[in-house]
Amino acid sequence: MRLLQRIQEEVDLVIVAVNADKALRASQEDESPSAPLSDRMEMIDALYMVDFVTSFIESTADELIRCLRPDVYAKGAGWATRVLPERESAEAVGARILFLDD
């Protein structure tokens, strides 16, 4: 919640991209997400600070970034010390990358 509130302070439009079930299963050791994609999207969409919700089936959001061309690409602070798979795509479209604490 706080992460989305912080993002809202930085941008005019908040779009949240949710990993599809297949992508989550591929990236996690357990076999299924805790809630189906439609439920996760519905919960996020209900938050007042979210303008749009979409999903992606790929293992990263690279294609979505190239399509949407955001001004800002935000991730939680935990990503600041890790390799960000979408960094190259975000930089290619001129997005400012933000790592925000919750």
# chains A, B, ... in the order shown; residues from 1 in each chain; ligands from 1
call {"tool": "select_by_dssp", "arguments": {"residues": "chain A", "states": "strand (DSSP E or B)", "output": "PyMOL selection string"}}
result
chain A and resi 15-19+52-56+72-76+96-100
call {"tool": "residues_around", "arguments": {"residues": "Leu47 in chain A", "least_positions_apart": "3", "cutoff": "9 Å", "atoms": "only C-alpha atoms", "output": "list in words"}}
result
Met1, Leu4, Met43, Ile44, Val50 and Asp51 of chain A
call {"tool": "write_last_selection", "arguments": {"atoms": "C-alpha atoms", "output": "mmCIF file, in the first residue's frame"}}
result
data_model
loop_
_atom_site.group_PDB
_atom_site.id
_atom_site.type_symbol
_atom_site.label_atom_id
_atom_site.label_comp_id
_atom_site.auth_asym_id
_atom_site.auth_seq_id
_atom_site.Cartn_x
_atom_site.Cartn_y
_atom_site.Cartn_z
ATOM 1 C CA MET A 1 0.000 0.000 0.000
ATOM 2 C CA LEU A 4 1.790 2.549 -4.286
ATOM 3 C CA MET A 43 -7.685 -6.440 -5.445
ATOM 4 C CA ILE A 44 -5.097 -4.078 -6.924
ATOM 5 C CA VAL A 50 -4.119 2.696 -9.015
ATOM 6 C CA ASP A 51 -5.395 4.007 -12.348
#
call {"tool": "select_by_dssp", "arguments": {"residues": "range 46-82 of chain A", "states": "alpha helix (DSSP H)", "output": "ChimeraX atom specification"}}
result
/A:62-68
call {"tool": "write_last_selection", "arguments": {"atoms": "C-alpha atoms", "output": "mmCIF file, in the first residue's frame"}}
result
data_model
loop_
_atom_site.group_PDB
_atom_site.id
_atom_site.type_symbol
_atom_site.label_atom_id
_atom_site.label_comp_id
_atom_site.auth_asym_id
_atom_site.auth_seq_id
_atom_site.Cartn_x
_atom_site.Cartn_y
_atom_site.Cartn_z
ATOM 1 C CA ASP A 62 10.338 -5.944 -20.842
ATOM 2 C CA GLU A 63 7.739 -6.182 -23.618
ATOM 3 C CA LEU A 64 5.216 -4.238 -21.559
ATOM 4 C CA ILE A 65 7.764 -1.498 -20.870
ATOM 5 C CA ARG A 66 8.576 -1.211 -24.576
ATOM 6 C CA CYS A 67 4.851 -1.003 -25.351
ATOM 7 C CA LEU A 68 3.786 1.437 -22.596
#
call {"tool": "residues_around", "arguments": {"residues": "Ala90 in chain A", "least_positions_apart": "2", "cutoff": "9 Å", "atoms": "only C-alpha atoms", "output": "mmCIF file with C-alpha atoms, in the first residue's frame"}}
result
data_model
loop_
_atom_site.group_PDB
_atom_site.id
_atom_site.type_symbol
_atom_site.label_atom_id
_atom_site.label_comp_id
_atom_site.auth_asym_id
_atom_site.auth_seq_id
_atom_site.Cartn_x
_atom_site.Cartn_y
_atom_site.Cartn_z
ATOM 1 C CA ASP A 62 10.338 -5.944 -20.842
ATOM 2 C CA ILE A 65 7.764 -1.498 -20.870
ATOM 3 C CA ARG A 66 8.576 -1.211 -24.576
ATOM 4 C CA ARG A 69 6.991 3.540 -22.625
ATOM 5 C CA PRO A 70 6.570 4.793 -19.029
ATOM 6 C CA ASP A 71 8.257 7.937 -17.747
ATOM 7 C CA VAL A 72 8.932 6.144 -14.449
ATOM 8 C CA TYR A 73 9.495 2.445 -13.744
ATOM 9 C CA GLU A 86 13.964 -4.806 -17.004
ATOM 10 C CA ARG A 87 16.697 -2.179 -16.553
ATOM 11 C CA GLU A 88 17.803 -2.208 -20.185
ATOM 12 C CA ALA A 92 15.896 2.282 -23.674
ATOM 13 C CA VAL A 93 12.512 4.057 -23.448
ATOM 14 C CA GLY A 94 13.910 6.808 -21.219
ATOM 15 C CA ALA A 95 12.124 5.714 -18.047
ATOM 16 C CA ARG A 96 13.489 6.908 -14.751
ATOM 17 C CA ILE A 97 13.982 3.883 -12.492
#
call {"tool": "closest_residue", "arguments": {"among": "A:Val14, A:Lys22, A:Ser89, A:Ser34", "to": "Thr54 in chain A", "atoms": "only C-alpha atoms"}}
result
A:Val14
call {"tool": "atom_distance", "arguments": {"atom1": "CA of Ser55 in chain A", "atom2": "CA of Pro85 in chain A"}}
result
16.8 Å
call {"tool": "atom_distance", "arguments": {"atom1": "CA of Thr60 in chain A", "atom2": "CA of Val11 in chain A"}}
result
22.1 Å
call {"tool": "atom_distance", "arguments": {"atom1": "CA of Arg40 in chain A", "atom2": "CA of Arg82 in chain A"}}
result
24.9 Å
